[in-house]
Each structure stands twice: as structure tokens, then as C-alpha cells.
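J.: Just model31.tsv, nothing more (TSV, C-alpha atoms):
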chain	number	residue	atom	x	y	z
A	393	MET	CA	10.00	-90.20	-0.89
A	394	THR	CA	6.33	-91.06	-0.36
A	395	TYR	CA	5.31	-92.02	3.16
A	396	ASP	CA	2.32	-94.10	4.20
A	397	ILE	CA	2.21	-92.69	7.74
A	398	TYR	CA	3.43	-89.35	9.10
A	399	ILE	CA	4.15	-89.02	12.81
A	400	ASN	CA	5.29	-85.42	13.16
A	401	SER	CA	3.75	-84.27	16.42
A	402	THR	CA	2.97	-85.56	19.90
A	403	ILE	CA	2.70	-89.29	20.50
A	404	GLY	CA	-0.64	-90.04	22.12
A	405	TRP	CA	-2.45	-87.04	20.68
A	406	PRO	CA	-2.90	-86.53	17.82
A	407	PHE	CA	-0.85	-89.65	16.96
A	408	SER	CA	-2.44	-92.31	19.14
A	409	ALA	CA	-1.96	-96.07	18.94
A	410	GLU	CA	-5.48	-96.36	17.50
A	411	TYR	CA	-4.68	-93.90	14.71
A	412	VAL	CA	-1.46	-95.69	13.75
A	413	GLN	CA	-3.23	-99.06	13.75
A	414	SER	CA	-5.90	-97.76	11.39
A	415	GLU	CA	-3.22	-96.51	9.01
A	416	LEU	CA	-1.21	-99.74	9.24
A	417	ASN	CA	-4.30	-101.70	8.26
A	418	LYS	CA	-4.12	-99.96	4.89
A	419	CYS	CA	-0.65	-101.39	4.31
A	420	LYS	CA	-1.21	-105.08	4.97
A	421	LYS	CA	1.25	-107.44	3.27
A	422	LYS	CA	3.34	-104.59	1.90
A	423	THR	CA	6.15	-102.30	3.05
A	424	CYS	CA	4.91	-99.37	5.09
A	425	ASN	CA	7.12	-96.27	5.13
A	426	VAL	CA	6.73	-94.15	8.25
A	427	TYR	CA	8.03	-90.58	8.61
A	428	ILE	CA	8.91	-89.69	12.22
A	429	SER	CA	9.84	-86.24	13.52
A	430	SER	CA	8.55	-85.84	17.07
A	431	LEU	CA	9.70	-84.78	20.53
A	432	GLY	CA	7.82	-87.68	22.10
A	433	GLY	CA	4.75	-87.93	24.29
A	434	SER	CA	2.92	-90.89	25.79
A	435	VAL	CA	5.12	-93.89	26.57
A	436	ALA	CA	2.06	-96.15	26.75
A	437	ASP	CA	1.08	-95.28	23.15
A	438	ALA	CA	4.69	-95.57	22.01
A	439	LEU	CA	5.03	-99.11	23.36
A	440	GLN	CA	1.81	-100.12	21.62
A	441	ILE	CA	2.86	-98.59	18.30
A	442	ARG	CA	6.28	-100.28	18.49
A	443	GLN	CA	4.53	-103.63	18.95
A	444	MET	CA	2.28	-102.90	15.98
A	445	PHE	CA	5.34	-102.26	13.82
A	446	LEU	CA	6.87	-105.55	14.97
A	447	GLU	CA	3.71	-107.49	14.20
A	448	HIS	CA	3.34	-105.88	10.78
A	449	GLY	CA	6.89	-106.95	9.96
A	450	GLN	CA	7.43	-104.70	6.96
A	451	VAL	CA	7.69	-101.24	8.48
A	452	GLU	CA	10.56	-98.93	7.57
A	453	VAL	CA	10.87	-95.72	9.58
A	454	HIS	CA	12.62	-92.58	8.40
A	455	LEU	CA	13.83	-90.26	11.16
A	456	HIS	CA	14.11	-86.57	10.38
A	457	GLY	CA	14.51	-83.40	12.43
A	458	PHE	CA	14.31	-83.93	16.18
A	459	VAL	CA	13.37	-87.45	17.23
A	460	ALA	CA	13.18	-87.83	20.99
A	461	SER	CA	11.73	-89.78	23.89
A	462	ALA	CA	8.65	-91.84	22.96
A	463	ALA	CA	9.30	-91.25	19.25
A	464	THR	CA	12.58	-93.23	19.49
A	465	ILE	CA	10.75	-96.12	21.16
A	466	ILE	CA	8.39	-96.36	18.18
A	467	ALA	CA	11.32	-96.54	15.78
A	468	MET	CA	12.72	-99.60	17.55
A	469	GLY	CA	9.82	-101.71	16.25
A	470	ALA	CA	10.63	-101.17	12.58
A	471	ALA	CA	12.26	-103.74	10.33
A	472	LYS	CA	14.61	-100.99	9.13
A	473	VAL	CA	15.47	-97.59	10.55
A	474	HIS	CA	16.80	-94.83	8.29
A	475	MET	CA	17.95	-91.50	9.72
A	476	GLY	CA	18.50	-88.18	8.03
A	477	ARG	CA	22.07	-86.94	8.03
A	478	TYR	CA	21.14	-83.79	9.96
A	479	ALA	CA	18.57	-85.39	12.26
A	480	LEU	CA	19.11	-85.74	16.02
A	481	PHE	CA	18.10	-88.66	18.26
A	482	LEU	CA	17.49	-88.49	22.02
A	483	MET	CA	16.74	-91.26	24.48
A	484	HIS	CA	16.47	-90.59	28.20
A	485	ARG	CA	15.06	-91.88	31.46
A	486	CYS	CA	11.32	-91.46	31.73
A	487	SER	CA	9.77	-89.04	34.19
A	488	ASN	CA	6.41	-88.24	35.71
A	489	TRP	CA	4.80	-84.99	36.77
A	490	VAL	CA	5.19	-84.53	40.52
A	491	GLU	CA	3.71	-81.62	42.43
A	492	THR	CA	3.59	-81.37	46.20
A	493	TRP	CA	2.75	-78.06	47.82
A	494	GLY	CA	1.16	-76.58	50.89
A	495	GLN	CA	1.63	-77.33	54.56
A	496	LEU	CA	1.85	-80.99	55.54
A	497	ASN	CA	1.91	-82.60	58.94
A	498	ALA	CA	4.05	-85.63	59.77
A	499	GLU	CA	1.46	-88.17	58.64
A	500	GLU	CA	0.85	-86.32	55.36
A	501	ILE	CA	4.57	-86.11	54.67
A	502	ALA	CA	4.90	-89.85	55.28
A	503	ALA	CA	2.03	-90.51	52.84
A	504	ALA	CA	3.63	-88.24	50.22
A	505	ILE	CA	6.96	-90.06	50.60
A	506	LYS	CA	5.20	-93.42	50.21
A	507	THR	CA	3.50	-92.21	47.02
A	508	LEU	CA	6.77	-90.89	45.59
A	509	GLU	CA	8.57	-94.12	46.44
A	510	SER	CA	5.89	-96.06	44.58
A	511	GLN	CA	6.23	-93.79	41.54
A	512	LYS	CA	10.01	-94.16	41.69
A	513	VAL	CA	9.74	-97.97	41.52
A	514	THR	CA	7.32	-97.71	38.59
A	515	LEU	CA	9.61	-95.34	36.67
A	516	GLU	CA	12.62	-97.59	37.28
A	517	THR	CA	10.67	-100.53	35.88
A	518	ILE	CA	9.70	-98.53	32.79
A	519	ASP	CA	13.32	-97.41	32.32
A	520	GLN	CA	14.49	-101.02	32.50
A	521	THR	CA	11.90	-102.07	29.94
A	522	ILE	CA	12.83	-99.29	27.52
A	523	ALA	CA	16.56	-99.95	27.93
A	524	SER	CA	15.89	-103.59	27.05
A	525	ILE	CA	14.09	-102.49	23.88
A	526	TYR	CA	17.03	-100.35	22.75
A	527	ALA	CA	19.50	-103.11	23.70
A	528	ALA	CA	17.58	-105.71	21.70
A	529	ARG	CA	17.80	-103.43	18.69
A	530	CYS	CA	21.50	-102.64	18.80
A	531	GLY	CA	22.83	-105.80	20.45
A	532	LYS	CA	24.33	-103.98	23.44
A	533	LYS	CA	24.11	-104.76	27.14
A	534	VAL	CA	21.08	-103.35	28.93
A	535	GLU	CA	23.40	-101.70	31.49
A	536	ASP	CA	25.25	-99.84	28.73
A	537	VAL	CA	22.03	-98.60	27.16
A	538	ALA	CA	20.73	-97.53	30.58
A	539	ASP	CA	23.87	-95.39	30.88
A	540	TRP	CA	23.10	-93.76	27.51
A	541	MET	CA	19.63	-92.95	28.79
A	542	MET	CA	21.05	-91.52	32.01
A	543	HIS	CA	23.23	-89.03	30.10
A	544	ALA	CA	20.33	-87.97	27.82
A	545	LYS	CA	22.52	-86.72	24.98
A	546	TRP	CA	21.32	-85.77	21.51
A	547	LEU	CA	22.95	-88.23	19.10
A	548	THR	CA	23.84	-87.52	15.50
A	549	ALA	CA	23.05	-89.95	12.70
A	550	GLU	CA	26.67	-91.11	12.69
A	551	GLU	CA	26.59	-91.81	16.43
A	552	CYS	CA	23.30	-93.71	16.11
A	553	LEU	CA	24.73	-95.80	13.27
A	554	ASN	CA	27.87	-96.60	15.30
A	555	ARG	CA	25.76	-97.66	18.28
A	556	GLY	CA	23.57	-99.88	16.12
A	557	LEU	CA	20.37	-97.93	16.71
A	558	ILE	CA	19.74	-97.32	12.99
A	559	ASP	CA	20.45	-99.19	9.78
A	560	SER	CA	21.40	-96.40	7.40
A	561	ILE	CA	21.86	-92.67	6.93
A	562	CYS	CA	19.95	-90.81	4.24
A	563	ASP	CA	20.36	-87.29	2.92
A	564	ASP	CA	18.25	-84.44	4.26
A	565	ASP	CA	17.25	-81.39	2.26
A	566	LYS	CA	18.91	-79.01	4.72
A	567	ALA	CA	20.45	-78.76	8.17
A	568	LEU	CA	18.27	-78.29	11.24
A	569	ASP	CA	17.15	-74.75	12.00
A	570	VAL	CA	17.47	-74.44	15.78
A	571	ASN	CA	15.85	-71.05	16.38
A	572	ASP	CA	14.44	-69.67	19.62
A	573	GLY	CA	11.01	-71.12	18.90
A	574	VAL	CA	12.42	-74.63	18.49
A	575	ARG	CA	14.52	-74.26	21.62
A	576	GLY	CA	11.49	-73.13	23.58
A	577	GLU	CA	9.49	-76.14	22.43
A	578	ILE	CA	12.28	-78.53	23.40
A	579	LEU	CA	12.56	-76.98	26.86
A	580	ALA	CA	8.77	-77.11	27.27
A	581	CYS	CA	8.99	-80.88	26.76
A	582	GLY	CA	11.50	-81.13	29.60
A	583	LEU	CA	14.28	-82.14	27.21
A	584	PRO	CA	17.90	-80.90	27.11
A	585	LEU	CA	18.89	-78.50	24.37
A	586	PRO	CA	20.98	-79.90	21.52
A	587	ASP	CA	24.50	-78.62	21.08
A	588	VAL	CA	23.65	-76.96	17.77
A	589	LYS	CA	24.19	-73.27	17.15
A	590	ALA	CA	21.14	-71.35	16.07
A	591	GLU	CA	21.38	-69.72	12.68
A	592	PRO	CA	21.56	-65.92	12.88
A	593	ASP	CA	18.16	-64.30	12.67
A	594	ALA	CA	16.86	-60.75	12.48
A	595	ASP	CA	16.05	-58.80	15.60
A	596	LEU	CA	15.66	-61.03	18.68
A	597	SER	CA	12.74	-59.11	20.17
A	598	LEU	CA	10.78	-59.30	16.92
A	599	ARG	CA	11.53	-62.99	16.55
A	600	SER	CA	10.38	-63.66	20.11
A	601	PHE	CA	7.15	-61.76	19.47
A	602	LEU	CA	6.51	-63.70	16.28
A	603	ASP	CA	7.02	-66.98	18.13
A	604	GLY	CA	4.33	-65.92	20.59
A	605	PHE	CA	2.15	-64.61	17.76
A	606	ARG	CA	2.49	-67.94	15.95
A	607	ALA	CA	1.55	-69.85	19.10
A	608	LEU	CA	-1.61	-67.75	19.59
A	609	PHE	CA	-3.08	-68.54	16.20
A	610	THR	CA	-2.06	-72.13	15.53
A	611	LYS	CA	-3.76	-75.25	16.77
A	612	SER	CA	-2.84	-76.19	20.35
A	613	ARG	CA	-0.40	-79.02	20.83
A	614	VAL	CA	-0.02	-81.13	23.94
A	615	VAL	CA	3.47	-82.31	24.82
A	616	ASP	CA	3.40	-84.69	27.73
A	617	LYS	CA	6.26	-85.24	30.08
A	618	PRO	CA	8.01	-88.48	29.09
A	619	GLY	CA	6.27	-91.37	30.79
A	620	ALA	CA	2.94	-89.58	31.16
A	621	MET	CA	-0.28	-90.30	29.32
A	622	ALA	CA	-1.20	-87.74	26.67
A	623	GLN	CA	-4.46	-85.83	27.05
A	624	GLU	CA	-6.50	-84.21	24.29
A	625	PRO	CA	-6.56	-80.43	24.76
A	626	ASP	CA	-9.47	-78.07	24.41
A	627	VAL	CA	-8.83	-76.06	21.23
A	628	PRO	CA	-10.58	-72.65	21.29
A	629	THR	CA	-12.97	-72.21	18.37
A	630	GLU	CA	-12.81	-68.42	18.28
A	631	LYS	CA	-9.14	-68.25	17.25
A	632	VAL	CA	-9.87	-67.63	13.58
A	633	THR	CA	-12.09	-64.64	14.42
A	634	THR	CA	-9.54	-63.25	16.87
A	635	TYR	CA	-6.82	-63.75	14.28
A	636	SER	CA	-8.68	-61.72	11.66
A	637	ASN	CA	-9.50	-58.94	14.11
A	638	LEU	CA	-5.91	-58.63	15.23
A	639	LEU	CA	-4.68	-58.46	11.65
A	640	ASN	CA	-7.02	-55.53	11.07
A	641	VAL	CA	-5.79	-53.78	14.20
A	642	LEU	CA	-2.14	-54.32	13.27
A	643	HIS	CA	-2.70	-53.21	9.67
A	644	LEU	CA	-1.02	-56.35	8.34
A	645	GLU	CA	-3.45	-57.52	5.72
A	646	ALA	CA	-0.69	-59.35	3.82
A	647	LEU	CA	0.09	-61.58	6.79
A	648	ASP	CA	-0.43	-65.14	5.64
A	649	ALA	CA	-1.10	-68.26	7.69
A	650	LYS	CA	-0.82	-71.62	5.99
A	651	ALA	CA	-0.61	-75.06	7.53
A	652	GLY	CA	-0.32	-73.59	11.00
A	653	GLU	CA	2.62	-71.37	10.17
A	654	VAL	CA	2.94	-67.59	10.02
A	655	SER	CA	5.43	-65.83	7.77
A	656	LEU	CA	6.30	-62.14	7.49
A	657	ASN	CA	8.71	-60.26	5.29
A	658	GLY	CA	11.11	-57.54	6.43
A	659	GLU	CA	8.71	-54.68	5.77
A	660	GLN	CA	5.96	-56.39	7.73
A	661	LEU	CA	8.33	-56.93	10.66
A	662	LYS	CA	9.14	-53.21	10.74
A	663	ALA	CA	5.46	-52.26	10.44
A	664	LEU	CA	4.54	-54.66	13.21
A	665	ASP	CA	7.25	-53.33	15.50
A	666	ALA	CA	6.07	-49.76	14.87
A	667	ARG	CA	2.43	-50.65	15.55
A	668	LEU	CA	3.33	-52.38	18.80
A	669	SER	CA	5.29	-49.31	19.90
A	670	ASP	CA	2.26	-47.13	19.12
A	671	PHE	CA	0.05	-49.46	21.13
A	672	ALA	CA	2.39	-49.18	24.12
A	673	VAL	CA	2.37	-45.35	23.97
A	674	ASN	CA	-1.39	-45.16	23.43
A	675	GLU	CA	-2.04	-47.57	26.25
A	676	GLU	CA	0.01	-45.40	28.62
A	677	GLN	CA	-1.83	-42.26	27.48
A	678	HIS	CA	-5.22	-43.97	27.83
A	679	THR	CA	-4.34	-45.16	31.30
A	680	SER	CA	-3.42	-41.60	32.34
A	681	THR	CA	-6.61	-40.17	30.81
A	682	ILE	CA	-8.80	-42.74	32.54
A	683	ALA	CA	-7.13	-41.94	35.85
A	684	ASP	CA	-7.85	-38.19	35.39
A	685	LEU	CA	-11.49	-38.80	34.45
A	686	THR	CA	-11.96	-41.12	37.39
A	687	LYS	CA	-10.68	-38.40	39.76
A	688	GLN	CA	-13.02	-35.84	38.21
A	689	VAL	CA	-16.01	-38.18	38.63
A	690	ASP	CA	-15.07	-38.79	42.26
A	691	ASP	CA	-14.83	-35.01	42.89
A	692	LEU	CA	-18.23	-34.33	41.27
A	693	THR	CA	-19.82	-37.17	43.22
A	694	ALA	CA	-18.53	-35.67	46.48
A	695	GLN	CA	-19.92	-32.24	45.51
A	696	VAL	CA	-23.35	-33.71	44.79
A	697	GLU	CA	-23.41	-35.44	48.17
A	698	ASN	CA	-22.51	-32.17	49.90
A	699	LEU	CA	-25.27	-30.28	48.06
A	700	LYS	CA	-27.82	-32.86	49.13
A	701	LYS	CA	-26.98	-32.10	52.75
A	702	MET	CA	-27.50	-28.32	52.32
A	703	ASP	CA	-30.69	-26.21	51.90
A	704	GLY	CA	-30.69	-24.34	48.62
A	705	ALA	CA	-30.81	-20.49	48.53
A	706	SER	CA	-34.36	-20.50	47.09
A	707	SER	CA	-35.73	-23.05	49.51
A	708	HIS	CA	-37.15	-22.57	52.98
A	709	GLY	CA	-37.80	-24.82	55.90
A	710	VAL	CA	-41.23	-26.09	56.95
A	711	GLY	CA	-43.04	-23.80	59.39
A	712	ASP	CA	-41.73	-20.44	58.22
A	713	GLY	CA	-43.99	-17.36	58.16
A	714	ALA	CA	-45.33	-17.71	54.63
A	715	ASP	CA	-46.54	-21.22	55.26
A	716	ASP	CA	-48.10	-20.19	58.61
A	717	ASP	CA	-50.22	-17.35	57.00
A	718	ALA	CA	-51.51	-19.61	54.29
A	719	THR	CA	-52.48	-22.27	56.80
A	720	THR	CA	-54.37	-19.73	59.01
A	721	ALA	CA	-56.28	-18.30	56.06
A	722	ALA	CA	-57.29	-21.77	54.88
A	723	ALA	CA	-58.51	-22.67	58.37
A	724	ARG	CA	-60.59	-19.48	58.56
A	725	VAL	CA	-62.25	-20.17	55.21
A	726	ARG	CA	-63.16	-23.69	56.28
A	727	ALA	CA	-64.63	-22.40	59.56
A	728	ASP	CA	-66.83	-19.82	57.77
A	729	TYR	CA	-68.05	-22.46	55.33
A	730	ARG	CA	-69.09	-24.76	58.14
A	731	ARG	CA	-71.01	-21.96	59.92
A	732	LEU	CA	-72.90	-21.09	56.77
A	733	LYS	CA	-73.95	-24.71	56.36
A	734	GLY	CA	-74.95	-24.96	59.96
A	735	LEU	CA	-72.47	-27.73	60.58
A	736	ASP	CA	-71.39	-26.35	63.95
Do you think you could lay out the structure here as C-alpha cells?

T.:
Amino acid sequence: MTYDIYINSTIGWPFSAEYVQSELNKCKKKTCNVYISSLGGSVADALQIRQMFLEHGQVEVHLHGFVASAATIIAMGAAKVHMGRYALFLMHRCSNWVETWGQLNAEEIAAAIKTLESQKVTLETIDQTIASIYAARCGKKVEDVADWMMHAKWLTAEECLNRGLIDSICDDDKALDVNDGVRGEILACGLPLPDVKAEPDADLSLRSFLDGFRALFTKSRVVDKPGAMAQEPDVPTEKVTTYSNLLNVLHLEALDAKAGEVSLNGEQLKALDARLSDFAVNEEQHTSTIADLTKQVDDLTAQVENLKKMDGASSHGVGDGADDDATTAAARVRADYRRLKGLD
């Protein structure tokens, strides 16, 4: 299948309404096939994109993998919706980031409550609007769809077809791989985990490390809370350099990164685990050595300060006998010189 538009990351950034419009303009007066696999993002962008699909009139969306939140709203604007047999679909009530902390007096608490009440009304309005969109698609009552959103359950392709949310089911290449990395990403988006068993992997600790390793050296992704506007992140420019340096340190020259993904074979996993263990031991030894050296420096510094306060064995104080004799002799010489010159 060839797609005209791919939406396989966060709605809002990098897949904004402006981007989708520019791509749709290339498909005027013809069917536009859109691939969607996203955990959602900006509701504002999603509503705009849905309207663009409606106005185009010949958009067919193909849902694969995990399709959630704002991504499902986009799909509702298509003329036809196809869903992969192993894909999962999630609609839920929208939410907003709320953070209140610190000490508040009575007036400040009242102001915070007023603000939260206002946000609550706004979210309820958005929920009603989105429920109406789903209901218009599947021909159900808005109240029934609102109940689906309240339960926030991952729906299979069969369930979506039965509820009228999609038009057909297509075959996927393979079943979803719900590993720890995927689960972590879903939780980071504030979404419930699907009731799908993760396929058995190798060692859990190694897999967890690789997930973190992969996150360090791939381009940053922003996943907004549903209902929030997406923001463009600052992507560090030194990652490639850091990546190369770390590979050298870990002695994993064969480690390959393509299209933002990192893959290792079994031997590399073992080598990486061994290197990390060495680092932990060396770090502990280095910490102990530094502590010993610091103590030695402190001791030597104290000794130097004590020596400064003491007269050395070869030194003598001002005004001792030797100095007195030399001073008297010098005075006598000066006196004789003056007498000879008749200065006195």
C-alpha cells in the first residue's frame, strides 16, 4: 500500500494542521490515503485536520498499531476508515495539565478553585464536542459515546467495526509488539495500558537499559496530555557526537542506528552488560581513591599551615646577638668616616 500522508507521531508536532494541509494540497481532486499510527497530541490540531479531511472529501485513513486520543479524532473526518486487524483504538475524555503547589491562603485557594472550575467547564465542553464527532460517525447517541470515552478502553478492530467507528478491517503484517518501551511510552502519554501480553524478551534489565539508551540518542518527541496544545521541543545538537563517543567507550563499534532505532545482537548485549558492570566497579574504586587523595591533601595542607606558624631550626629572631654586633660595627665605621670628612 502506498500512502500519500504518514501521521506516525505526535499530533501538533511534528504533524501539525499546517503540515497536513500542505500535503493534502498535493492530492486535490483525487483519493488521498493517510497512514495513522499515533498516541495523540494536540486536540486543537486534530479538530482542524479532521475538518480538512471532510472538506477534501476523498480521504481514506488506514489505522495501524496504536491509534489513540487526538489521532482517533482525525480519523473521523475521512470518507472511509480502514483498520488493521491487530491495531488498537482508544478514545477517552480529554484532560489538561494541572499543577498547584506551595502554601496558599484562603483567598489564593478560592482563586485556584475558580480557575479549576473554569478549566472543568472547558474540558466538559470539549468532551461533548468530541463525543458528538464520534456519534456522527457511527450513528450512536452522544450519551452512549460519552460513556465509551469515560471507560477509556482499548478497542480491537472487530469492536470498532461493530460500533460503527470504522468501515473495514485490513490485514496487518504482524501482531503488535507490546514491550516495556511501548508500555512506557503509553504511560508517559497518560493513557491506560492495553490488555495485551508482552512477547517474551531477553533479560529485563538489559532491555530496560536499551530502552533508555535508545531514548538518549534518538530525536526528542513531545507527547502532550490530551486536550493540551503541542509545543516544539529543543532538540540537542550534540547528540551525534555524544553517541559516537559513548560507542567508543562501550567498545560497541558494530552498534547501528538507523531511522531513529538502535539494534543489538546477543553478543553485543552481553558485551554491553559486561562493560557496564566494569564501569560500576571502576567508578566505586575511583570514588574511594579520590576520597583517600583528598584526605592526604587536607593533611599536608594542615602541616604546611603549622610550619608557617613555627620558626625553623636554622632561623633566628630579629635582635639576637649576631645582628647586634654587625649593627654596632657598621655604626662605628660610619662615625669614623664622618670624622675624617669633618662632617661633625

J.: As an exercise, work out the distance from CA of Thr521 in chain A to CA of Leu583 in chain A in Å and give it to one decimal place.

T.: 20.3 Å

J.: Near Thr464 in chain A, counting only C-alpha atoms, which residues have an atom at most 10 Å away, once you skip same-chain residues fewer than 5 positions from it, shown as a VMD selection string?

T.: chain A and resid 428 to 432 438 442 455 459 469 481 to 484 526 557

J.: What is the distance between CA of Arg477 in chain A and CA of Ile561 in chain A, in Å to one decimal?

T.: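 Separating CA of Arg477 in chain A from CA of Ile561 in chain A is a distance of 5.8 Å.
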
J.: Could you jot down the CA of Cys424 in chain A to CA of Val451 in chain A separation for me, Å, one decimal place?

T.: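 Pair CA of Cys424 in chain A / CA of Val451 in chain A returns 4.8 Å.
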
J.: Quick one: of A:Ala504, A:Leu439, A:Val453, A:Ala538, who's nearest to Thr423 in chain A, counting only C-alpha atoms?

T.: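 Selected residue with least distance to Thr423 in chain A: A:Val453.
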
J.: Could you pull out every residue with an atom within 12 Å of (12.4, -100.3, 35.4), file coordinates, counting all atoms listed in the file, and send them as a PDB file with C-alpha atoms, in the coordinates of the input?

T.:
ATOM      1  CA  ARG A 485      15.060 -91.880  31.460  1.00  0.00           C
ATOM      2  CA  CYS A 486      11.320 -91.460  31.730  1.00  0.00           C
ATOM      3  CA  SER A 487       9.770 -89.040  34.190  1.00  0.00           C
ATOM      4  CA  GLN A 511       6.230 -93.790  41.540  1.00  0.00           C
ATOM      5  CA  LYS A 512      10.010 -94.160  41.690  1.00  0.00           C
ATOM      6  CA  VAL A 513       9.740 -97.970  41.520  1.00  0.00           C
ATOM      7  CA  THR A 514       7.320 -97.710  38.590  1.00  0.00           C
ATOM      8  CA  LEU A 515       9.610 -95.340  36.670  1.00  0.00           C
ATOM      9  CA  GLU A 516      12.620 -97.590  37.280  1.00  0.00           C
ATOM     10  CA  THR A 517      10.670-100.530  35.880  1.00  0.00           C
ATOM     11  CA  ILE A 518       9.700 -98.530  32.790  1.00  0.00           C
ATOM     12  CA  ASP A 519      13.320 -97.410  32.320  1.00  0.00           C
ATOM     13  CA  GLN A 520      14.490-101.020  32.500  1.00  0.00           C
ATOM     14  CA  THR A 521      11.900-102.070  29.940  1.00  0.00           C
ATOM     15  CA  ILE A 522      12.830 -99.290  27.520  1.00  0.00           C
ATOM     16  CA  ALA A 523      16.560 -99.950  27.930  1.00  0.00           C
ATOM     17  CA  SER A 524      15.890-103.590  27.050  1.00  0.00           C
ATOM     18  CA  ILE A 525      14.090-102.490  23.880  1.00  0.00           C
ATOM     19  CA  VAL A 534      21.080-103.350  28.930  1.00  0.00           C
ATOM     20  CA  GLU A 535      23.400-101.700  31.490  1.00  0.00           C
ATOM     21  CA  ALA A 538      20.730 -97.530  30.580  1.00  0.00           C
ATOM     22  CA  GLY A 619       6.270 -91.370  30.790  1.00  0.00           C
TER      23      GLY A 619
END

J.: Would you mind listing what lies within 12 Å of Val426 in chain A as a count of residues only, with only C-alpha atoms counted and same-chain residues fewer than 3 positions away left out?

T.: 34

J.: Because the input lacks atoms here, generate N, CA and C atoms for range 440-464 of chain A and report them as a CSV table (one decimal), in the coordinates of the input.

T.:
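What follows is the written file selection-v1.csv:
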chain,number,residue,atom,x,y,z
A,440,GLN,N,2.8,-99.4,22.5
A,440,GLN,CA,1.8,-100.1,21.6
A,440,GLN,C,2.2,-100.0,20.1
A,441,ILE,N,2.5,-98.8,19.7
A,441,ILE,CA,2.9,-98.6,18.3
A,441,ILE,C,4.1,-99.4,17.9
A,442,ARG,N,5.1,-99.4,18.8
A,442,ARG,CA,6.3,-100.3,18.5
A,442,ARG,C,5.9,-101.7,18.3
A,443,GLN,N,5.0,-102.2,19.1
A,443,GLN,CA,4.5,-103.6,19.0
A,443,GLN,C,3.8,-103.8,17.6
A,444,MET,N,3.0,-102.8,17.3
A,444,MET,CA,2.3,-102.9,16.0
A,444,MET,C,3.2,-103.0,14.8
A,445,PHE,N,4.3,-102.2,14.9
A,445,PHE,CA,5.3,-102.3,13.8
A,445,PHE,C,6.0,-103.6,13.8
A,446,LEU,N,6.3,-104.2,14.9
A,446,LEU,CA,6.9,-105.6,15.0
A,446,LEU,C,5.9,-106.6,14.3
A,447,GLU,N,4.7,-106.5,14.7
A,447,GLU,CA,3.7,-107.5,14.2
A,447,GLU,C,3.5,-107.3,12.7
A,448,HIS,N,3.5,-106.1,12.2
A,448,HIS,CA,3.3,-105.9,10.8
A,448,HIS,C,4.5,-106.5,10.0
A,449,GLY,N,5.7,-106.3,10.5
A,449,GLY,CA,6.9,-107.0,10.0
A,449,GLY,C,7.6,-106.3,8.8
A,450,GLN,N,6.8,-105.3,8.1
A,450,GLN,CA,7.4,-104.7,7.0
A,450,GLN,C,7.4,-103.2,7.1
A,451,VAL,N,7.7,-102.7,8.2
A,451,VAL,CA,7.7,-101.2,8.5
A,451,VAL,C,9.1,-100.7,8.4
A,452,GLU,N,9.3,-99.6,7.6
A,452,GLU,CA,10.6,-98.9,7.6
A,452,GLU,C,10.3,-97.5,8.0
A,453,VAL,N,11.1,-97.1,9.1
A,453,VAL,CA,10.9,-95.7,9.6
A,453,VAL,C,12.0,-94.8,9.1
A,454,HIS,N,11.7,-93.6,8.9
A,454,HIS,CA,12.6,-92.6,8.4
A,454,HIS,C,12.6,-91.4,9.4
A,455,LEU,N,13.7,-91.3,10.1
A,455,LEU,CA,13.8,-90.3,11.2
A,455,LEU,C,14.4,-89.0,10.6
A,456,HIS,N,13.7,-87.9,10.9
A,456,HIS,CA,14.1,-86.6,10.4
A,456,HIS,C,13.9,-85.5,11.5
A,457,GLY,N,14.7,-84.5,11.4
A,457,GLY,CA,14.5,-83.4,12.4
A,457,GLY,C,14.9,-83.9,13.8
A,458,PHE,N,14.1,-83.5,14.8
A,458,PHE,CA,14.3,-83.9,16.2
A,458,PHE,C,13.4,-85.1,16.5
A,459,VAL,N,14.1,-86.2,16.9
A,459,VAL,CA,13.4,-87.4,17.2
A,459,VAL,C,13.8,-87.8,18.7
A,460,ALA,N,12.8,-87.7,19.6
A,460,ALA,CA,13.2,-87.8,21.0
A,460,ALA,C,12.2,-88.7,21.8
A,461,SER,N,12.6,-89.2,22.9
A,461,SER,CA,11.7,-89.8,23.9
A,461,SER,C,10.9,-90.9,23.3
A,462,ALA,N,9.6,-90.8,23.4
A,462,ALA,CA,8.6,-91.8,23.0
A,462,ALA,C,8.8,-92.1,21.5
A,463,ALA,N,9.2,-91.1,20.7
A,463,ALA,CA,9.3,-91.2,19.2
A,463,ALA,C,10.4,-92.2,18.9
A,464,THR,N,11.5,-92.3,19.7
A,464,THR,CA,12.6,-93.2,19.5
A,464,THR,C,12.1,-94.6,19.8
